[in-house]
Structures are given as C-alpha cells and as structure tokens.
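Trainee: Here's a structure for you.
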Amino acid sequence: MKFQIEDVTVYFPYDHIYPEQYAYMLELKRSLDARGHSLLEMPTGTGKTIALLSLITSYSLSKPSNPVKLIYCTRTVHEMEKTLAELKLLYKYQVECLGKAARMLAIGLSSRKNLCVNDRVLKAENRDSVDAGCRKLTASWVRDLAVQNKNVELCSFFEDYDRAGDVLLPAGVYTLQDLRLLGKEKGWCPYFLARHMVKYSNVVVYSYQYLLDPKVAGIISKEMEKESVVVFDEAHNIDNVCIEALSVSVRRQTLEGATRNLSKMSQEIDRLKATDAGRLRSEYNRLVEGLAQRGNLPNNDTWLGNPILPDDILKEAVPGNIRRAEHFLSVLRRLVQYLKGRLETENVVKEGPVTFVGSINAQVGIDQKMLQFCYDRLHSLMLTLEITDTDEFLHIQTICDFATLVGTYTRGFSIIIEPFDERMPHIPDPVLQLSCHDASLAIKPVFERFQSVVITSGTLSPIDLYPRLLNFNPVVSRSFTMSLTRDCICPMVLSRGSDQLPVSTKFDLRSDPGVERNYGRLLLEMVSVVPDGVVCFFVSYSYMDGIVNSWNELGILKEVMQHKLVFIETQDVVETTLALDNYRRACDCGRGAVFFSVARGKVAEGIDFDRHYGRLVIMFGVPFQYTLSRILLARLEYLRETFQIKEGDFLTFDALRQAAQCVGRVIRSKADYGMMIFADKRYTRHDKRSKLPGWILSQLREAHLNLSTDMAVHIAKDFLRKMAQPYDKTGGGGKKTLLSQEDLEKMGIGNTDMLF
Amino acid sequence: MSERQVIKRAKYKSSIKDPGTPGVLTMKRERFVFMPSDPRSLMKLNVEFRFIIGHKFSKEAPNKKALLNLTQDKGESYIFEFDSFPDRDACRDFVAMAIAPPANAGKASSDKPSVPPSSEQLSTAEMDRRIKLLQVDSELQKLHKEFVMGGVLTEAEFWATRKKSLDEKISSKSKQRVGLKSDMIFNVKPSSDGQSNRVKYSLTPEIIHQIFAEKPAVRRAYLNLVPKKMTETDFWMKYWRAEYLHSTKNIVAAAAEAAEDEELAVFLKQDDILASEARRKIRRVDPTLDMEADEGDDYTHLPDHGLSRDVSKDLTDSQYDLYKRSFLQDLNRHAAVVLEGRSVDVELGDTRSVAEALTRLKEVESANEASNTHVEQGRSDLISRMAELEDLQGPRDHPVAPLSIKDPRDYFDSQQANAIKTLGESQSGSKHKKSILNAHEAYGSLRKSISEIKDLGLTDPIIKSEVAMKVFSELTLRISNTKYHHGKDPHESILDGLPNATKEEILHQWTSIQELLKHFWSSYPITTTYLHIKVNKVKDAMSKIYQKLQVLFGPIEIKSSVRQDFRHPVSLLVQPMTQALDAAFAHYEVDFQKRSTKSVERPNGFV
C-alpha cells in the first residue's frame, strides 16, 4: 500500500498496516525532520523493522536532492539476514510502484569469514585465521613480490576484482549469500566488493560493532556521510555493547603469547637490519615527521584500527623514545614484565587508570604518552616488518590495546586484578581486566557524527533510563503499546509447584531437589498440553547443566522425551546452530520439540521463536547477573556515583529486560499467539514485576500473578483452545487493529492519536 | 478365478457350539454344496453364492479351530470347520472371489463385446487389485453390481474414474516407516548388585542400533575391530567401560586410561566423524539461525577483549579437551538422529549388518548433499516467506497440496446438510449476482482475463488462487457452522436423525447418482458414437433413479415411506439430488436439440 505521512509518500509492502506501525512511522518521520535522535519502544510482534525500513527509504525517495543514507545496525548476523529479507520484500514493492526510480542499493556487510569465497582461505578454523589467510594473499607487498616472482600465490578473486577497477553493483538488495554467489559468478572478491560498495549504497546493514567498536569503526565506517540515519535495532543491550567495545582483559596466556610475539618481532628486526635496513630507517623518518600511519592505506592492508575513540587519537608525533623499533620492543617487554608481576597478586586489586599509569611509570619508566601511542607504533612496526600472519600476533595487539586505552582514559574505567575466579577459589586463574563503565563513551562519536540516530527495541523500559546511560537528548522518546485483535499473548507468573512449595532460583533454593523437581514437573505438564515448540530459558549455563542432569536422574527428562524431542543450547556455537536448525525442523514436521536455552546466551540474543516454533516460553528463574562479579560491582558503583542509580534498581532492571527479551521472542505478528510463564516466586513482587515492559504487563491478569503448576496447566489448555478458533483479523468492534489504505486515507493526518 | 472349483473336507455346524456334521464341501462358481459323509444326515446344503453377503473366519492360531462362517442375506449363516488352516484359506479365498465381484467373473465371457475398443488387457495384478478394492469397500461393490452388471457402464468405464484410488491404495499399502523412539535408551544407568564392586549394563539390538546411529565413531570402530581384533563381547565391554568412565566425570582419569589403551581411547575421545559432519551441515543451515556466522563477525570478542561473560570457564588444560563430552551434546545428537528417522531396513539382530547399513546410508546422504544444488534457492525462498508478516498481507497463493479425504462422506455429510440449509438464500443470491454484469462488462472482463493469460501464460490452476482460497474458507466456515448448529458432536447430522433404512437408502441413491453424474458429465462434449451411446445409457439409468426417488421420497408418497417428522429433512436431502439430475437432463435435452438442429441445419446451409 501507498500512503502519505505529511509530505512523504510511504511505500509499504503489505496490503494492511497496524495502527501502531503508522504511529511509529509518524514519530520517526518527525524525528528525521527535526534532525535529532530518537528512542522508540515498540512491542515485538508489531512489525517494527519493516515500518522503520519502509519509512526511512521512502523518506529518502521523497528528498531526491538530498537523499539520506540508512545505516542499519543489528546485533547479530542472522538478524542482519532477516532484515535484508524484509528489505527485499520492500524493494520488490517499490519497484512495482516506481519502476526504475526505486533505485535502492542495499548491502549487508560482514567479516571475511562470512564473505570469503576462496576455498583455501576458508579452510581456516576461525575468523582471525581467515583474516590472516586473506592478508597473506592480498597484502600489497605480497602482490608486489608476485610481480617479480611467479611462484607467490595470490587470491584470484581479489586480483580480478582489482583489475575490474571501480565496479558498481546494479540496484538491488544484496544479502551475504547474494554477495557470495555474485562473487563466485563474476570472480570478484565479495568482501572487498562489499567494502567498496558501502560508499555507494543507500542502505547498509551491519553489526553494531562496525559503528560502536572503534577498532572496527575506524576502518569500516569512517567514510559515512553526516546525513545518514543510524538505526540500532533490538537496542536494549546497547549499553553493554558499548562497554564491551572498550574493555580488555589480560590473562597469563596473553602475556606468554605476547612474549613470544616480541621475540619473533625482534628476530624480524634483526633480519631486516641485515637485509633491508633502509626500510627501518624510512619508518623512523616518517615517525619523526609525525605520521604514525603511512597515509591512506589500501583497503587490503588495513586491519583492526585504534581501540580508542577517534576524537581522542592524538595528532602529535610519536614520542621520540619509541621511534626506533628496538626501543619500542624493549618498552613493550618491560610492560609485559610489569603486567606479569601484577598478575602474581594474592588478593583482589581494584585501581583507577591514573594510579595504574602512575605505578607503571614509577616501576618500569613508561609514561602515559608512550602508553597512549603503543597501538599506533605497533601498527606501524608490523606494516614495516610486513607481517601477514596477523592472527599469530593477537596477543601483543591485546597488550597494546590495553596500553593505549589505559593511557588515554582517566574516567569511567577501572582496572581489576583477580587471582582466581570467585566461584572456583582453588584454581588459580589470574586475570587483569580493564573494564569500561561508561556506556556513553563509545556511542558518543556516533551521536555527534550522524544527524539522526534511532534507538529502538521491544523492551526499552524504563525508557527514561537510556538517555541517562547513553548521555544523549532524544527529540522523540516514546513507548508504544500494542493494540491486540485478541488476547494473543498470555503471560503468567508461576510461584509454586504442584505441591504448593515455592519455586525460585534464588541462591538458597536453587539446588533444592524439591525446586528442581517442581520445575521438572512444570515442564512435563506443559509439554504434554502445548503443541509444537516449547522454549525454556534458564538463568545460566551452569544452572541449566545441573538441572538437566538432575532431571535426567529423576527420570523427568525421559518422560519429557515421550512428548517432544529435546534440544539444548551448548557453549559450542556450531552445535547450538545445528540444534536450532533441527529444532525448527522438528516443529515443522509436527513432531514438536522443546529447546533449552540460557538467558543472556547467544540464542536469547536474537533467535525468534515465533509461530509454531514457540507456543510457550518458560523462564525458569530471574536472570540476575552474577552479583559477586567484581566488574559488575565496579560498574554499579560507577552508576551510583554518576547517575544516582541504585544498585538494586539497576540489577532488577537488567534482569527483567533480559527476561522480557527472552519471552518476547515468542510473538511475531498479531496473528501469532504464545504463552509466557515466569517461573519464580520473586516475580510476584511488585517491584520486580513492574519493570517488565508495558505490553506484557497489560496482558498479565491479576488472576495469573500467583499460580501453581496445575492452575497454569489449566489456563494453558484454555488459552490454546481459545486461540485455535477463527477470528476477525481486522478486529471489528470499536478499535481497528488492522488498517487498509482506505482507512488511512479516511483518517487523514492528525487524529492518529485517537487510535491509542 | 484360476480354479473352477474347490473340494475340501469340512464339518458343517449350525452354530459354533454344535459339534458339527463331517462331510465334503464343494465350491463351484455359482454355488457351494455340502455333502455329509453320513448319507442319512439331513444336513445337505446347496446354496448359491449370490445369497451370500459376507464371510468371516477365525484367526489362525495353533490351538484354534479353522472356521469359516458364510453369512446369508436373510441373516442365517453357515459355519464350516476345516481340518487345517490351509484348507480353510483356500475355501475362504474362493468364497471371497465368488461373492465379491460377480461382474468380474462374468466379464471374461459375456461382457466382452460391449467393452469399448480402448479396453485394456488386464493383468492379473490389476484384477486382484480391483477385487481387493471391491471387497474392502461394500459401497463400491454395490455400485459395481448395480451399474456394471446392470449394463449401464462397462467395467473399464467404471474403473477409469477410480484409477487414482487404485494407485493410491497400492502406494499406501507399502508399509509405513516406523520412526525411532524418542527415548534415549542407551543412556542407561548400570545396575549393581550392591555387594560386589561390579556394575551391569544390558544391551539389546535396539540399543545397539541407537548407539551406532548416534555415535558413528563407535560404528566405525566396530566395523574395524570386530571380529578381527576382538570379539563382540570384548568390544561392548570396552564400550561400557568407557561410558562408565564418562559417568564418573573424571576427565583426567579418562585421559589416563585412554593413553594406555588405544581402543578404549576411541570411545573416550570426541567423535571426529560427528565433528566433520557438523562442519558440513553448518553450511546448509538457515542463515537466519546461523550463530556461527555471528561469531565470525564479532570483533569485540577478540581473544581477551570485552568483558568476560557469565561463561563458567573450563580451567582444565587443553590436553584434556579431546576427552570432554557432555550429556547435553548427547541429548542434541540423539534428538537429531530421531528426527532423521530410522531408515535401515536390516534386521536389528545382526550387529554387523546394522553397522554396515548405517555407514552406507551416511555415504548416500553425503553424496546426495553434494549433488543437491537447489537447496540454496529453496532456502532463500523460505527466508523471504518467513520474513513476511502473515496478517498484514492478504492470503497468498498457498502451495497446493492435493486434497486427500479417506472417506468423502465424513467431509461431505456436513457439507450437504449445510448446503441444504443455505440453499434458499444462495439460490436467490446467485440469481441476483448473475444480473449484476451486463453483457458489455462481461465481455470486457473476459477479454481482460484472456489477455492476462496471453501475457503470463496459463498456469496450472485456472481459478485464481484467491478465489479458490475464498471458496475453500467459505466451505470450511460452513462446516464449522453446522457443527455449531448441531451441537458438539460432529457426527450428528440430519442423516443420523433418520431411521436406518431410510438413511441407507438415501445414501445409496446419492452415491449412485454421483457415480452416474460423474460418467454423464465426463462424456461431454460428445465426439464419438461410443460416447453418444454411453450418454444415452447413463441417462436412462438416471431417469430410472429419478423415478425411484420420486416414488420413494416424492411429495406424494412421502407419507407412506417416511415418518411424518422426517418429511421435511428428507425432502431437503433429496432436493439437491433431483436438482442435480434435473440439471443433467436439461443439459442433455439442450445438447440433444442442438445436435438435431445442427444435423438439420447443415444440409440447409450447404444446399
């Protein structure tokens, strides 16, 4: 359908639209007009993504003189694929309406690991070896060498791409798969093609880090225009992503690896001195002139950029005492030695960056300026030494990242040294962590650089907390409710088992066999009445491991298996992916399955369990973070001091946004339906429960607040029976929940608020 | 039909308790004759098969008598006891043939001339199939008797419309594959006697099959080691020993044991075949689920970057990594295998052949995967379908699945009752609709659709899928409506309210009308004289039934044959039948006139 929002003609690829989608677009459009940032919460299952895509691309089409570019950030690659699939639908519709004028070029961008088509490089196990494998074939000096020596191997895809010159892709939507196919067909390297096309495309879809993590953003995103609209979808965890982007941890293995790297480098330097001393000299001269970087590097030579934010990178010359390669190496050696010494501690140490830098200076004579330049200097040295197997040198890179970060920032960070893991005190595992507490640091350049940043998710409650955490002023900040055609979600709080004893994952009750049995009975009862897919979330891997084992001992698991197949998320990503794939197939073929997963795990982060893939979600327990973690404590302290946020409040907020996120994956559209069970007695408390997003709370009936297993089963049966009946999709009666083009035209502008 | 007659020794019993009269049973094509061995006995029988409507027989079991019970249409029955089961079976088969398809029997000789030239030479297999079908379905048998024997339809015509059901029946005959059990049966706890330090594992062929299916490395080891290097018992001893070590969860001990014993190590190590299989499979996984790709894109979590997560780090040395195996992994693997389903057709008893069959299966599978290229396309289609929001989009063309209704009556019973209910309104409605379009508009729309077809080419369903969908949903809505109107029981319909005899009569008439109509309409347009003759024949038969309907349920006689309270519903039920017949007759008349005028006109036109 095609309709007007103020002066913009919106192309929407469906025949109908939800009223909340319309309202969402309206708010979005106003924030684009105002050239400001916005914060929008809309329940899952209301077609947020397509509303967003459709409005922003239409907005861009309506301003042909100054089209805005859309940078769409997703948390994961599979979400990226989903977004691109929706974008394909939209593009198809735009072409239908506009023909050639719908010039949309949208690409998904990912790492070499996901885009490479060179079989030899792909054989490598992990991402870093793929990156290194690529560099071995495409680095400029390798290619120079190949000109003289025919035996040097190159990547034919890259060579062909390079020969083809300034290639441009025709308009369209390119998923990673499409890029790979195209690459294979034309013989061009998809990765560099995609990197090249980022400049020309209207829509770029990639992962958060490509914008938030300075190491990656510095390489990929530095050329984005200011007139871009940046969207962070599913952004409820964005503060954590920001924090992680600026955090580094150092272990014993890191330091050992770094030592090895250093000796390898010093050998290289010695060799170079003997063969090609000129190269070292020219590097020195360049550094004297103040150029840490060698001008604009060709794309194929770059690797991870500076770990600090672009504004904080010094435009000065590298300090004199680390200009010479040998001097720099000895500085690094001293630093590694110092860190080794610090790791030998017996008790937990918590320090600020300033004191830490002070003590480095006092003990090994490395000042703050030198630390700050570590990363650039290392980068330059590695280029000079023409090192291609970068995956071998990750350890020393980590050390330099750490040094640069600790030398640059004085606030919002702390350094924590723990001799062992709190949970396993008998095993020594010293770790030194530089953890960032201030989420606003990493996202600040994004807010400053781009004219509109949209932060959106299904769960952003309480919505006033995010502007404080991220330190920005949204022009629009709104939380939408969901207009339901029928009561298609059924949240319940289960506080007691069938024997009326309370269930909880609270520390004192956690390993109580009675609680484990009650949880098991709950699952068993539920799998026998709920059709198709059932998803269970547990509070942590270790808890899940324990309870699944004890269910096995009790024979509960065996009984569950009589009703449904069981699939489990494990720490192995490959296995989990296959398990998920099988789970979907089991649901598709009607066998039915149950999936065990972990809140805060990879599955909870972005896999949808919509339609028959999830008719019921059970959240076993409240997914609090591990509260004794030093890092968390340090962060809580920072939050209290800076934002006056109470520890308890933040922990509850964080746990419940995770819980809401887990259960929210069950619904995708209003035709869909699903149940959610919060199985913990702590959910009955108002202070916990009230932190759930409004769209769940509004469906949570008074009578469903304190259930036991048998009552929950009864309600579930009732609900499923009700949902199986045919119903009127447009939601007859007073409120319309599905609008056609006609309805929209009749409604006109201005009175949309009446819908809510 | 190969045997003309069967002669067997048997006892005739008037009831099951009766000790019986010994004698000789002779079965011929038309009749069976029982001669008691004692000539004075009065138990002589001479019965024609056409009076026999059914037969029952006792189950074959060592200590049971071989009985055959022939039921007469008057309700009487003849019970014979045979000396042996094979004897009984021979008679039973003969009876079955004799009573079931009298037409088939007759066809060979008398019907031949009337068979159209296209009649195919039937193989015996085909014949058997038909006979079986007739035996199973008494209704079909009735129809067959009435029309084929009555000469309205020929044998070939009768079966031509049922080709599908013949084929389908055959395909469904092929045994349904048995799936795997969901239970993890090999994950058994050992039993111990509590006195000694010994534990006991038990092993069944079923368990072995599951182990081989879920642990390819064990399977490979079995094929390699047994019986060359060790006996089967030793092999399984080793296997359970390894399992026991795992259950103690002492990785270090397991590693130590494995270092000493090469063969034991096979069981203790992680399954390398599984690992390579996983690598292969991960490439075919739905990209919207692929978390591995996600890891490949995650630069924040470089080794040692970011915050360490909740992950409980395994702190054991990497040298033991090989021996780590969790119960969760086993669970996933088990579920995956169950989902794939059992596909080995080997007897489970033979361990070696099971192992070999499974290995072969895997090889075939991987070969298939390698050659399969359209998977990618299908996957991207699926993704785009999944991306749609179902209720925002009007219903799309759903992939057509052939409607297969085992017993059409279940479906159409409810339909019929409904159709009657709404008959009045829908009739007026359709008339009204007809007049909405004037000729010009109708022409326009026709032209449009023709040009559309020209542009796009004609795809298989001529009806627009939206229209079909609409019809379909309307129909189903009606079904649910009737159910609603008639209370909870779905089977309760008008028909059930009628006395049995009436009900059966109506149903019988209905099916025969359906059959005739099918033939009637399928023979249009009449192009050959053969069809012409057929149509005439069918039409005559239809008019006979029409008269019968009038007599039985017509407005005048209805009082006599049907009770007063059922008059209305019965007439409602009969109405669509007569209407359908009327329509057929009308068409026949029109067509007949057209043909006659044509044949008159033509000479005029030419001359």
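Quick note on naming: the chains in the structure tokens go A, B, ... in the order shown, residues restart at 1 in each chain, and ligands are numbered from 1 in order of appearance.
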Using DSSP on the backbone, list every residue of segment 70-259 of chain A that comes out as helix (DSSP H, G or I), and give them as a PyMOL selection string.

Mentor: chain A and resi 77-101+112-115+119-122+127-138+140-148+156-164+176-186+190-197+209-212+214-220+235-245+252-259

Trainee: Could you write those residues out with C-alpha atoms, as a CSV table (one decimal), in the first residue's frame?

Mentor:
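Done, and the output landed in part-v1.csv:
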```csv
chain,number,residue,atom,x,y,z
A,77,VAL,CA,24.5,-11.7,11.5
A,78,HIS,CA,21.3,-13.8,11.5
A,79,GLU,CA,19.3,-10.7,12.4
A,80,MET,CA,21.0,-9.0,9.5
A,81,GLU,CA,19.9,-11.7,7.2
A,82,LYS,CA,16.3,-11.3,8.4
A,83,THR,CA,16.4,-7.5,7.9
A,84,LEU,CA,17.8,-7.9,4.4
A,85,ALA,CA,15.0,-10.4,3.6
A,86,GLU,CA,12.4,-7.8,4.7
A,87,LEU,CA,14.2,-5.2,2.7
A,88,LYS,CA,14.0,-7.4,-0.3
A,89,LEU,CA,10.2,-7.5,0.1
A,90,LEU,CA,10.1,-3.8,0.3
A,91,TYR,CA,12.4,-3.3,-2.7
A,92,LYS,CA,10.2,-5.6,-4.7
A,93,TYR,CA,7.2,-3.5,-3.8
A,94,GLN,CA,9.0,-0.2,-4.6
A,95,VAL,CA,10.0,-1.5,-8.0
A,96,GLU,CA,6.4,-2.4,-8.6
A,97,CYS,CA,5.2,1.1,-7.7
A,98,LEU,CA,8.0,3.2,-9.1
A,99,GLY,CA,9.9,1.1,-11.6
A,100,LYS,CA,13.4,2.3,-12.2
A,101,ALA,CA,13.0,5.3,-9.8
A,112,ARG,CA,35.9,-12.0,5.7
A,113,LYS,CA,34.9,-15.2,7.4
A,114,ASN,CA,31.4,-14.8,6.2
A,115,LEU,CA,32.0,-13.3,2.8
A,119,ASP,CA,38.3,-22.2,-0.7
A,120,ARG,CA,41.9,-22.2,0.5
A,121,VAL,CA,41.4,-19.2,2.9
A,122,LEU,CA,38.0,-20.6,4.1
A,127,ARG,CA,37.8,-15.6,11.9
A,128,ASP,CA,41.3,-14.4,12.7
A,129,SER,CA,42.9,-17.1,10.7
A,130,VAL,CA,40.6,-16.3,7.8
A,131,ASP,CA,41.6,-12.7,8.1
A,132,ALA,CA,45.3,-13.6,8.2
A,133,GLY,CA,44.9,-16.1,5.4
A,134,CYS,CA,43.3,-13.3,3.2
A,135,ARG,CA,46.1,-10.9,4.1
A,136,LYS,CA,48.7,-13.5,3.1
A,137,LEU,CA,47.3,-13.4,-0.4
A,138,THR,CA,46.3,-9.8,-0.8
A,140,SER,CA,50.3,-5.0,-1.1
A,141,TRP,CA,53.8,-6.2,-0.5
A,142,VAL,CA,52.9,-9.8,-1.3
A,143,ARG,CA,51.3,-8.6,-4.5
A,144,ASP,CA,54.4,-6.6,-5.3
A,145,LEU,CA,56.5,-9.6,-4.7
A,146,ALA,CA,54.3,-11.6,-7.0
A,147,VAL,CA,55.0,-9.3,-9.9
A,148,GLN,CA,58.7,-10.5,-9.8
A,156,SER,CA,42.4,-14.8,-7.9
A,157,PHE,CA,39.1,-13.2,-6.7
A,158,PHE,CA,40.9,-10.2,-5.3
A,159,GLU,CA,43.1,-9.8,-8.4
A,160,ASP,CA,40.1,-10.0,-10.7
A,161,TYR,CA,38.2,-7.5,-8.5
A,162,ASP,CA,41.2,-5.2,-8.6
A,163,ARG,CA,41.6,-5.4,-12.3
A,164,ALA,CA,37.9,-4.7,-12.9
A,176,LEU,CA,25.7,-12.1,2.3
A,177,GLN,CA,24.6,-15.1,0.4
A,178,ASP,CA,23.9,-13.0,-2.7
A,179,LEU,CA,27.2,-11.3,-2.5
A,180,ARG,CA,29.0,-14.7,-2.3
A,181,LEU,CA,27.1,-16.0,-5.2
A,182,LEU,CA,27.8,-12.9,-7.2
A,183,GLY,CA,31.4,-13.1,-6.3
A,184,LYS,CA,31.7,-16.7,-7.4
A,185,GLU,CA,30.0,-16.0,-10.6
A,186,LYS,CA,31.9,-12.9,-11.6
A,190,PRO,CA,32.8,-10.3,-2.3
A,191,TYR,CA,34.4,-8.9,0.8
A,192,PHE,CA,36.3,-6.1,-0.9
A,193,LEU,CA,33.4,-5.5,-3.3
A,194,ALA,CA,31.1,-5.0,-0.3
A,195,ARG,CA,33.5,-2.7,1.4
A,196,HIS,CA,33.8,-0.7,-1.8
A,197,MET,CA,30.0,-0.6,-2.2
A,209,GLN,CA,30.4,-3.1,16.4
A,210,TYR,CA,31.1,-1.7,12.9
A,211,LEU,CA,29.9,1.6,14.3
A,212,LEU,CA,30.5,1.3,18.1
A,214,PRO,CA,36.5,2.0,17.5
A,215,LYS,CA,38.8,-0.8,16.4
A,216,VAL,CA,36.4,-1.8,13.6
A,217,ALA,CA,34.6,1.5,13.1
A,218,GLY,CA,37.8,3.3,12.3
A,219,ILE,CA,38.3,1.1,9.3
A,220,ILE,CA,34.8,0.5,8.0
A,235,ALA,CA,19.0,-2.0,21.2
A,236,HIS,CA,18.0,-2.9,24.7
A,237,ASN,CA,21.5,-4.2,25.4
A,238,ILE,CA,23.3,-1.3,23.7
A,239,ASP,CA,24.9,-0.1,26.9
A,240,ASN,CA,26.6,-3.5,27.3
A,241,VAL,CA,27.9,-3.5,23.7
A,242,CYS,CA,29.3,0.0,24.3
A,243,ILE,CA,31.0,-1.1,27.4
A,244,GLU,CA,32.5,-4.2,26.0
A,245,ALA,CA,33.8,-2.4,23.0
A,252,ARG,CA,48.6,-15.4,31.7
A,253,GLN,CA,48.2,-16.9,28.3
A,254,THR,CA,48.0,-13.4,26.8
A,255,LEU,CA,51.3,-12.4,28.4
A,256,GLU,CA,53.1,-15.6,27.4
A,257,GLY,CA,51.8,-15.2,23.9
A,258,ALA,CA,52.9,-11.6,23.8
A,259,THR,CA,56.4,-12.6,24.9
```

Trainee: Quick one: DSSP strand (DSSP E) residues in segment 370-437 of chain A, as JSON, numbers by chain?

Mentor: {"A": [413, 414, 415, 416, 417, 418, 419, 420, 428, 429, 430, 431, 432, 433, 434, 435, 436]}

Trainee: Can you pull out every residue within 10 Å of segment 256-261 of chain B, counting only C-alpha atoms, but drop anything in the same chain fewer than 3 positions away, and send it as an MDAnalysis selection string?

Mentor: chainID B and resid 238 242 245 251:253 264:269 320 323

Trainee: For those residues, write C-alpha atoms to a file as a tab-separated table (two decimals), in the first residue's frame.

Mentor:
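Wrote selection_32.tsv, looks like this:
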```tsv
chain	number	residue	atom	x	y	z
B	238	LYS	CA	35.22	-51.77	26.32
B	242	ALA	CA	34.34	-46.02	28.54
B	245	LEU	CA	34.44	-43.61	32.96
B	251	ILE	CA	38.29	-36.29	32.68
B	252	VAL	CA	41.81	-36.76	33.92
B	253	ALA	CA	41.22	-40.39	34.74
B	264	LEU	CA	39.41	-47.58	24.64
B	265	ALA	CA	40.54	-44.17	23.51
B	266	VAL	CA	38.23	-44.40	20.54
B	267	PHE	CA	35.24	-44.42	22.83
B	268	LEU	CA	36.57	-41.79	25.14
B	269	LYS	CA	37.56	-39.25	22.58
B	320	TYR	CA	42.06	-32.98	28.01
B	323	TYR	CA	38.03	-36.21	26.26
```

Trainee: Would you kindly return, as an MDAnalysis selection string, each protein, DNA or RNA residue with an atom no farther than 12 Å from any atom of Thr709 of chain A, considering only C-alpha atoms and excluding same-chain residues fewer than 5 positions away?

Mentor: chainID A and resid 492:503 517:526 677:680 704 714:716

Trainee: Kindly save the residues from that selection, with C-alpha atoms included, as a compact mmCIF listing (two decimals), in the first residue's frame.

Mentor:
```
# COMPACT_ATOMS: atom_id res chain seq x y z
CA MET A 492 1.65 -15.98 33.75
CA VAL A 493 3.63 -15.89 36.95
CA LEU A 494 4.14 -19.27 38.46
CA SER A 495 5.25 -19.15 42.05
CA ARG A 496 4.52 -22.62 43.36
CA GLY A 497 4.89 -26.16 42.18
CA SER A 498 2.09 -28.65 42.25
CA ASP A 499 2.95 -29.42 45.87
CA GLN A 500 2.38 -25.73 46.73
CA LEU A 501 6.02 -25.19 47.70
CA PRO A 502 7.61 -22.06 46.30
CA VAL A 503 9.89 -22.30 43.28
CA ARG A 517 11.52 -31.49 40.73
CA ASN A 518 8.80 -28.88 40.68
CA TYR A 519 10.41 -27.16 37.71
CA GLY A 520 10.64 -30.54 36.01
CA ARG A 521 7.02 -31.36 36.66
CA LEU A 522 6.04 -27.96 35.29
CA LEU A 523 7.89 -28.63 32.07
CA LEU A 524 6.48 -32.12 31.83
CA GLU A 525 2.90 -30.99 32.31
CA MET A 526 3.37 -28.24 29.80
CA ILE A 677 5.50 -18.40 32.08
CA PHE A 678 7.69 -16.61 34.58
CA ALA A 679 8.51 -19.42 36.94
CA ASP A 680 9.88 -17.88 40.09
CA HIS A 704 -2.39 -15.03 36.77
CA HIS A 714 -5.48 -25.35 33.23
CA ILE A 715 -5.01 -21.81 31.97
CA ALA A 716 -2.73 -23.03 29.20
```

Trainee: Looking at only C-alpha atoms, which of B:Lys470, B:Lys65, B:Arg241, B:Arg333 is the one that sits closest to chain A?

Mentor: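 Looking at the shortest contact to chain A, the residue is B:Arg333.
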
Trainee: Report, in Å with one decimal, the straight-line distance from atom CA of Ser528 of chain A to atom CA of Asp608 of chain A.

Mentor: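 Separation between atom CA of Ser528 of chain A and atom CA of Asp608 of chain A: 22.6 Å.
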
Trainee: Can you tell me, as a PyMOL selection string, what residues are no more than 10 Å from Ala96 of chain B when counting only C-alpha atoms, ignoring any on the same chain fewer than 5 positions away?

Mentor: chain B and resi 49+53-55+90-91+101+131-132+135

Trainee: Using only C-alpha atoms, find each residue of segment 424-486 of chain A with at least one atom at most 10 Å away from an atom of segment 4-27 of chain A; report its shortest atom-to-atom pair and that distance in Å (one decimal), sort the rows by chain and rising residue number, and return the result as CSV.

Mentor:
```
residue,atom,partner,partner_atom,distance
A:Val475,CA,A:Glu27,CA,9.8
A:Val476,CA,A:Glu27,CA,7.1
A:Ser477,CA,A:Glu27,CA,9.0
A:Arg478,CA,A:Glu27,CA,8.4
A:Ser479,CA,A:Tyr24,CA,9.4
A:Phe480,CA,A:Glu20,CA,7.0
A:Thr481,CA,A:Glu20,CA,7.5
A:Met482,CA,A:Glu20,CA,6.8
A:Ser483,CA,A:Glu20,CA,7.3
A:Leu484,CA,A:Tyr18,CA,9.8
```

Trainee: My list of candidates is A:Glu745, A:Glu569, A:Glu234, A:Glu418. Which is closest to chain B when distances are computed with only C-alpha atoms?

Mentor: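 That would be A:Glu569, the residue with the smallest distance to chain B.
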
Trainee: Kindly give the distance, in Å, that separates atom CA of Leu153 of chain B and atom CA of Ala586 of chain B, rounded to a single decimal.

Mentor: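 Between atom CA of Leu153 of chain B and atom CA of Ala586 of chain B the gap works out to 21.3 Å.
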
Trainee: Give me, please, the distance in Å between atom CA of Leu636 of chain A and atom CA of Thr355 of chain A, quoted to one decimal.

Mentor: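 Computing the Euclidean distance for atom CA of Leu636 of chain A and atom CA of Thr355 of chain A yields 20.7 Å.
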
Trainee: Rank B:Ile453, B:Leu45, B:Leu203, B:Ala278 by their smallest atom-to-atom distance to chain A, using only C-alpha atoms, and report the top residue only.

Mentor: B:Ala278

Trainee: May I have the residues within 7 Å of Val33 of chain B as a list of chain:residue names, using only C-alpha atoms and disregarding those fewer than 4 positions away in the same chain?

Mentor: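 Residues meeting the cut-off are B:Leu25, B:Thr26, B:Met27, B:Leu45, B:Asn46, B:Val47.
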
Trainee: Write out as a PyMOL selection string each polymer residue whose atoms come within 12 Å of segment 262-273 of chain A, counting only C-alpha atoms; drop sequence neighbours fewer than 4 positions from it.

Mentor: chain A and resi 255-258+277-281+324-337+378+381-387+389+392-397+399-400

Trainee: Between B:Asp298, B:Glu515, B:Glu589, B:Asp38, which residue has the minimum interatomic distance to Ser110 of chain A, considering only C-alpha atoms?

Mentor: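 Of B:Asp298, B:Glu515, B:Glu589, B:Asp38, the one nearest Ser110 of chain A, counting only C-alpha atoms, is B:Asp298.
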
Trainee: Given only C-alpha atoms as the basis, pick out the residue of A:Thr577, A:Thr642, A:Ser629, A:Gln372 nearest to chain B.

Mentor: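 Closest to chain B, using only C-alpha atoms: A:Thr577.
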
Trainee: Go through A:Lys688, A:Arg251, A:Arg30, A:Lys150 and flag the residue nearest chain B, using only C-alpha atoms for the distances.

Mentor: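 Of A:Lys688, A:Arg251, A:Arg30, A:Lys150, the one nearest chain B is A:Arg251, counting only C-alpha atoms.
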